[in-house]
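Taking it in order: structure first as structure tokens, then the write-up.
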Amino acid sequence: MTELIKIDESKYAKPLILDNTSISPGQEATVKLGVGRLPSDNHLHIFAHVYRSVNPGPTVLMIGGVHGDEINGVMVARNMIEEKTFENLNRGTVISVPLLNVYGFINFSREVPDGKDINRSFPGTMAGSLASRVARTLTKKVLPLVDCILDYHTGGSSRYNYPQIRYSKKDLIAEKLAMAFGAPYTIQKPIIPKSLRKVASELGLPTIVYEAGESVRLDGFSISKGMQGTKQVLIFLGMIDLPSLILSNKTMLFSKTGWIRANFSGIFVWSKQSGHKVTKGEPIGQIKDPFGMKTVTVHAIRDGYIIGHNNASVVNQGDALFHVGYDYESIDL
């Protein structure tokens, strides 16, 4: 167990109040947070599952589906609820929000009706668009209650991400949580303006982002790695015991990443994919015109590992094909 996150025990002994619902230590509850309604007058709700130990400890927020079409993250959170991972916690509280962007989920969409991205809408306002109101609901009602955040994502627009944890280099607590997660790849990434990680940073909440798989496509490897990593974080924080869990003992840490882009339009066929090591100048794919007249070979532009790749069958010049991590080291956990 680590005391990485300082806890006010007297404050923990009081009920946690989430949207007028009171949850005392030792209790659990599911809270429906209203965020808006559709033109059909159907109401949209965020479901927050709260589990509290009788013993003081950190409050961890797990959140999936910030982008509604990123299903693997939703599955990580909901599977752990189904497995009853958070029942009978040793200490602390878990707040699990498996699906934030309900509208995007039911419409196979990253965004909400007006095309806005919730993860570019923080801290939000209740007088704004649906994206802004969802962001504001989370910022105002949930974030003040938590001590750290695990945010689950996938690649978007046909892009597959090899299971990886991202954190801000300047956040030392987030770095420790990232290492405890033990994803195959760990990446230092700057904070994006108006993102959940940005507003969390302003509130002093260490945040790690799990990126794995592809949008609108289930990937068992990504889901299992996400569940294992989450359990390892909770073990690290002393919140659960899982003696039978085989812990990850190594991660590849990258300080820099870059995209290899298409220099020709056509049918894209990759020969290397996410998780593969590449060397500068190595052929890693081809782009073929549809008429059988021209083939262009895609080469690695530096040594590194492919942390993400494009699964689109047809690409345009300038499209991102391979995301390569470099300036790396292997870390024993």
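Scheme for the structure tokens: letters A, B, ... for chains in order shown; per-chain residue numbers from 1; ligand numbers from 1 in order shown.
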
Produce a table with one row for each residue of region 177-257 of chain A that has an atom at most 7 Å from any atom of region 135-158 of chain A, each row naming the nearest atom pair and its distance in Å at one decimal; use only C-alpha atoms; arrange rows by chain and rising residue number; format as JSON lines.
{"residue": "A:Leu205", "atom": "CA", "partner": "A:Cys148", "partner_atom": "CA", "distance": 5.1}
{"residue": "A:Pro206", "atom": "CA", "partner": "A:Cys148", "partner_atom": "CA", "distance": 5.0}
{"residue": "A:Thr207", "atom": "CA", "partner": "A:Ile149", "partner_atom": "CA", "distance": 4.6}
{"residue": "A:Ile208", "atom": "CA", "partner": "A:Leu150", "partner_atom": "CA", "distance": 5.3}
{"residue": "A:Val209", "atom": "CA", "partner": "A:Asp151", "partner_atom": "CA", "distance": 4.7}
{"residue": "A:Tyr210", "atom": "CA", "partner": "A:Tyr152", "partner_atom": "CA", "distance": 4.8}
{"residue": "A:Glu211", "atom": "CA", "partner": "A:His153", "partner_atom": "CA", "distance": 4.7}
{"residue": "A:Ala212", "atom": "CA", "partner": "A:Thr154", "partner_atom": "CA", "distance": 4.7}
{"residue": "A:Gly213", "atom": "CA", "partner": "A:Thr154", "partner_atom": "CA", "distance": 5.1}
{"residue": "A:Glu214", "atom": "CA", "partner": "A:Gly155", "partner_atom": "CA", "distance": 4.7}
{"residue": "A:Ser215", "atom": "CA", "partner": "A:Gly156", "partner_atom": "CA", "distance": 5.2}

Written file, previous selection with C-alpha atoms, as an mmCIF file, in the first residue's frame:
data_model
loop_
_atom_site.group_PDB
_atom_site.id
_atom_site.type_symbol
_atom_site.label_atom_id
_atom_site.label_comp_id
_atom_site.auth_asym_id
_atom_site.auth_seq_id
_atom_site.Cartn_x
_atom_site.Cartn_y
_atom_site.Cartn_z
ATOM 1 C CA LEU A 205 -6.126 15.828 -9.677
ATOM 2 C CA PRO A 206 -3.503 13.429 -11.092
ATOM 3 C CA THR A 207 -4.895 11.801 -14.236
ATOM 4 C CA ILE A 208 -3.769 8.931 -16.432
ATOM 5 C CA VAL A 209 -5.313 8.142 -19.823
ATOM 6 C CA TYR A 210 -5.575 4.569 -21.114
ATOM 7 C CA GLU A 211 -5.581 4.381 -24.921
ATOM 8 C CA ALA A 212 -6.197 0.975 -26.500
ATOM 9 C CA GLY A 213 -7.888 -0.473 -29.544
ATOM 10 C CA GLU A 214 -10.031 1.204 -32.166
ATOM 11 C CA SER A 215 -13.350 3.047 -32.043
#

* Got a sec: who's within 9 Å of Gln228 (chain A), counting only C-alpha atoms, leaving out chain neighbours fewer than 3 positions off, as a list in words? -> Phe181, Gly182, Ala183, Ile223, Ser224, Lys225, Lys231, Gln232, Val233, Leu245, Ile246, Leu247 and Ser248 of chain A

Could you list, as a PDB file with N, CA and C atoms, in the first residue's frame, every residue within 9 Å of Asn55 (chain A), counting only C-alpha atoms and ignoring same-chain residues fewer than 2 positions away?
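Written file, around.pdb:
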ATOM      1  N   GLU A   9      -8.908  11.989   7.034  1.00  0.00           N
ATOM      2  CA  GLU A   9      -9.755  10.925   7.589  1.00  0.00           C
ATOM      3  C   GLU A   9     -11.054  11.468   8.176  1.00  0.00           C
ATOM      4  N   TYR A  12     -13.348  11.980   5.311  1.00  0.00           N
ATOM      5  CA  TYR A  12     -13.800  10.726   4.710  1.00  0.00           C
ATOM      6  C   TYR A  12     -14.945  10.113   5.519  1.00  0.00           C
ATOM      7  N   ALA A  13     -14.946  10.335   6.819  1.00  0.00           N
ATOM      8  CA  ALA A  13     -15.975   9.735   7.683  1.00  0.00           C
ATOM      9  C   ALA A  13     -17.369  10.294   7.406  1.00  0.00           C
ATOM     10  N   PRO A  25     -19.661   5.888   4.345  1.00  0.00           N
ATOM     11  CA  PRO A  25     -18.639   4.833   4.285  1.00  0.00           C
ATOM     12  C   PRO A  25     -19.265   3.459   4.493  1.00  0.00           C
ATOM     13  N   GLY A  26     -18.865   2.496   3.660  1.00  0.00           N
ATOM     14  CA  GLY A  26     -19.406   1.149   3.729  1.00  0.00           C
ATOM     15  C   GLY A  26     -20.613   0.922   2.839  1.00  0.00           C
ATOM     16  N   ARG A  52     -17.981   2.601  -1.517  1.00  0.00           N
ATOM     17  CA  ARG A  52     -17.209   3.197  -0.433  1.00  0.00           C
ATOM     18  C   ARG A  52     -16.819   2.144   0.600  1.00  0.00           C
ATOM     19  N   SER A  53     -15.557   2.151   0.962  1.00  0.00           N
ATOM     20  CA  SER A  53     -15.096   1.313   2.062  1.00  0.00           C
ATOM     21  C   SER A  53     -15.386   2.007   3.384  1.00  0.00           C
ATOM     22  N   GLY A  57      -9.510   6.282   2.599  1.00  0.00           N
ATOM     23  CA  GLY A  57      -8.584   6.049   1.501  1.00  0.00           C
ATOM     24  C   GLY A  57      -8.902   6.988   0.362  1.00  0.00           C
ATOM     25  N   LEU A  89     -14.154  -3.004  -0.730  1.00  0.00           N
ATOM     26  CA  LEU A  89     -12.856  -2.353  -0.832  1.00  0.00           C
ATOM     27  C   LEU A  89     -12.150  -2.348   0.523  1.00  0.00           C
ATOM     28  N   ASN A  90     -10.832  -2.486   0.506  1.00  0.00           N
ATOM     29  CA  ASN A  90     -10.056  -2.392   1.747  1.00  0.00           C
ATOM     30  C   ASN A  90     -10.097  -0.974   2.317  1.00  0.00           C
ATOM     31  N   ARG A  91     -10.059  -0.004   1.431  1.00  0.00           N
ATOM     32  CA  ARG A  91     -10.032   1.399   1.835  1.00  0.00           C
ATOM     33  C   ARG A  91     -10.459   2.250   0.643  1.00  0.00           C
ATOM     34  N   GLY A  92     -10.916   3.443   0.967  1.00  0.00           N
ATOM     35  CA  GLY A  92     -11.198   4.403  -0.076  1.00  0.00           C
ATOM     36  C   GLY A  92     -12.514   4.192  -0.815  1.00  0.00           C
TER      37      GLY A  92
END

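Interatomic distance, CA of Lys169 (chain A) against CA of Ser255 (chain A): 8.7 Å.
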
* Any idea what's packed within 8 Å of region 322-331 of chain A, counting only C-alpha atoms, ignoring anything in its chain fewer than 4 positions away? Could you give it as a PyMOL selection string? -> chain A and resi 250-261+273+302-310

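Residues of region 135-211 of chain A that DSSP places in strand (DSSP E or B), based on the backbone of this structure, are Cys148, Ile149, Leu150, Asp151, Tyr152, His153, Thr154, Gly155, Arg159, Tyr160, Asn161, Tyr162, Pro163, Gln164, Ile165, Arg166, Tyr167, Tyr185, Thr186, Ile187, Gln188, Thr207, Ile208, Val209, Tyr210 and Glu211 of chain A.
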
Kindly export the residues of the current selection with N, CA and C atoms, as a PDB file, in the first residue's frame.
ATOM      1  N   CYS A 148      -8.036  11.208  -7.793  1.00  0.00           N
ATOM      2  CA  CYS A 148      -7.294  10.897  -9.009  1.00  0.00           C
ATOM      3  C   CYS A 148      -8.248  10.304 -10.029  1.00  0.00           C
ATOM      4  N   ILE A 149      -7.816  10.291 -11.299  1.00  0.00           N
ATOM      5  CA  ILE A 149      -8.713   9.910 -12.391  1.00  0.00           C
ATOM      6  C   ILE A 149      -8.027   8.916 -13.321  1.00  0.00           C
ATOM      7  N   LEU A 150      -8.789   7.873 -13.724  1.00  0.00           N
ATOM      8  CA  LEU A 150      -8.396   6.969 -14.798  1.00  0.00           C
ATOM      9  C   LEU A 150      -9.391   7.167 -15.933  1.00  0.00           C
ATOM     10  N   ASP A 151      -8.903   7.619 -17.075  1.00  0.00           N
ATOM     11  CA  ASP A 151      -9.743   7.988 -18.214  1.00  0.00           C
ATOM     12  C   ASP A 151      -9.455   7.012 -19.362  1.00  0.00           C
ATOM     13  N   TYR A 152     -10.506   6.349 -19.892  1.00  0.00           N
ATOM     14  CA  TYR A 152     -10.320   5.256 -20.857  1.00  0.00           C
ATOM     15  C   TYR A 152     -10.738   5.680 -22.263  1.00  0.00           C
ATOM     16  N   HIS A 153      -9.832   5.474 -23.236  1.00  0.00           N
ATOM     17  CA  HIS A 153     -10.070   5.869 -24.618  1.00  0.00           C
ATOM     18  C   HIS A 153      -9.597   4.778 -25.579  1.00  0.00           C
ATOM     19  N   THR A 154      -9.899   4.980 -26.869  1.00  0.00           N
ATOM     20  CA  THR A 154      -9.348   4.155 -27.947  1.00  0.00           C
ATOM     21  C   THR A 154      -8.847   5.092 -29.035  1.00  0.00           C
ATOM     22  N   GLY A 155      -8.235   4.516 -30.069  1.00  0.00           N
ATOM     23  CA  GLY A 155      -7.942   5.299 -31.251  1.00  0.00           C
ATOM     24  C   GLY A 155      -9.244   5.658 -31.951  1.00  0.00           C
ATOM     25  N   ARG A 159      -8.246   4.208 -36.494  1.00  0.00           N
ATOM     26  CA  ARG A 159      -6.877   4.080 -35.975  1.00  0.00           C
ATOM     27  C   ARG A 159      -6.864   3.201 -34.727  1.00  0.00           C
ATOM     28  N   TYR A 160      -5.956   2.249 -34.727  1.00  0.00           N
ATOM     29  CA  TYR A 160      -5.809   1.305 -33.617  1.00  0.00           C
ATOM     30  C   TYR A 160      -4.630   1.732 -32.750  1.00  0.00           C
ATOM     31  N   ASN A 161      -4.842   1.803 -31.447  1.00  0.00           N
ATOM     32  CA  ASN A 161      -3.771   2.102 -30.501  1.00  0.00           C
ATOM     33  C   ASN A 161      -3.369   0.849 -29.740  1.00  0.00           C
ATOM     34  N   TYR A 162      -2.073   0.558 -29.727  1.00  0.00           N
ATOM     35  CA  TYR A 162      -1.583  -0.531 -28.892  1.00  0.00           C
ATOM     36  C   TYR A 162      -1.772  -0.102 -27.439  1.00  0.00           C
ATOM     37  N   PRO A 163      -2.160  -1.013 -26.529  1.00  0.00           N
ATOM     38  CA  PRO A 163      -2.461  -0.611 -25.153  1.00  0.00           C
ATOM     39  C   PRO A 163      -1.357   0.245 -24.531  1.00  0.00           C
ATOM     40  N   GLN A 164      -1.739   1.427 -24.097  1.00  0.00           N
ATOM     41  CA  GLN A 164      -0.763   2.408 -23.615  1.00  0.00           C
ATOM     42  C   GLN A 164      -1.394   3.312 -22.573  1.00  0.00           C
ATOM     43  N   ILE A 165      -0.560   3.783 -21.665  1.00  0.00           N
ATOM     44  CA  ILE A 165      -0.963   4.779 -20.673  1.00  0.00           C
ATOM     45  C   ILE A 165      -0.262   6.087 -20.996  1.00  0.00           C
ATOM     46  N   ARG A 166      -1.022   7.168 -20.934  1.00  0.00           N
ATOM     47  CA  ARG A 166      -0.464   8.497 -21.176  1.00  0.00           C
ATOM     48  C   ARG A 166      -0.587   9.348 -19.908  1.00  0.00           C
ATOM     49  N   TYR A 167       0.440  10.152 -19.659  1.00  0.00           N
ATOM     50  CA  TYR A 167       0.422  11.025 -18.491  1.00  0.00           C
ATOM     51  C   TYR A 167       1.276  12.251 -18.778  1.00  0.00           C
ATOM     52  N   TYR A 185       2.907  -0.098 -23.113  1.00  0.00           N
ATOM     53  CA  TYR A 185       3.567   1.154 -23.456  1.00  0.00           C
ATOM     54  C   TYR A 185       3.120   2.247 -22.494  1.00  0.00           C
ATOM     55  N   THR A 186       4.066   3.104 -22.106  1.00  0.00           N
ATOM     56  CA  THR A 186       3.779   4.264 -21.262  1.00  0.00           C
ATOM     57  C   THR A 186       4.356   5.481 -21.964  1.00  0.00           C
ATOM     58  N   ILE A 187       3.533   6.530 -22.116  1.00  0.00           N
ATOM     59  CA  ILE A 187       3.909   7.650 -22.977  1.00  0.00           C
ATOM     60  C   ILE A 187       3.714   8.972 -22.244  1.00  0.00           C
ATOM     61  N   GLN A 188       4.729   9.804 -22.288  1.00  0.00           N
ATOM     62  CA  GLN A 188       4.626  11.154 -21.751  1.00  0.00           C
ATOM     63  C   GLN A 188       3.982  12.044 -22.808  1.00  0.00           C
ATOM     64  N   THR A 207      -4.070  12.518 -13.275  1.00  0.00           N
ATOM     65  CA  THR A 207      -4.895  11.801 -14.236  1.00  0.00           C
ATOM     66  C   THR A 207      -4.027  10.991 -15.178  1.00  0.00           C
ATOM     67  N   ILE A 208      -4.417   9.738 -15.409  1.00  0.00           N
ATOM     68  CA  ILE A 208      -3.769   8.931 -16.432  1.00  0.00           C
ATOM     69  C   ILE A 208      -4.825   8.522 -17.457  1.00  0.00           C
ATOM     70  N   VAL A 209      -4.405   8.444 -18.714  1.00  0.00           N
ATOM     71  CA  VAL A 209      -5.313   8.142 -19.823  1.00  0.00           C
ATOM     72  C   VAL A 209      -4.891   6.819 -20.449  1.00  0.00           C
ATOM     73  N   TYR A 210      -5.817   5.868 -20.468  1.00  0.00           N
ATOM     74  CA  TYR A 210      -5.575   4.569 -21.114  1.00  0.00           C
ATOM     75  C   TYR A 210      -6.098   4.631 -22.537  1.00  0.00           C
ATOM     76  N   GLU A 211      -5.222   4.405 -23.506  1.00  0.00           N
ATOM     77  CA  GLU A 211      -5.581   4.381 -24.921  1.00  0.00           C
ATOM     78  C   GLU A 211      -5.336   2.977 -25.444  1.00  0.00           C
TER      79      GLU A 211
END

* **All residues 7 Å or closer to Ser168 (chain A), only C-alpha atoms, same chain fewer than 4 positions away omitted, as a list in words** => Gln188, Lys189, Pro190 and Ile191 of chain A

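Atom to atom, CA of Ser132 (chain A) and CA of Gly204 (chain A) stand 21.1 Å apart.
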
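Proximity of A:Val278, A:Met75, A:Val54, A:Ile284 to Val216 (chain A), computed with only C-alpha atoms, is greatest for A:Met75.
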
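For the set A:Ile235, A:Val314, A:Met293, A:Leu100, the residue with the smallest atom-to-atom gap to Phe268 (chain A) is A:Val314, counting only C-alpha atoms.
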
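Of the residues under consideration (A:Ala131, A:Pro290, A:Ala300, A:Ser121), A:Ala300 shows the shortest atom-to-atom contact distance to Lys277 (chain A) when counting only C-alpha atoms.
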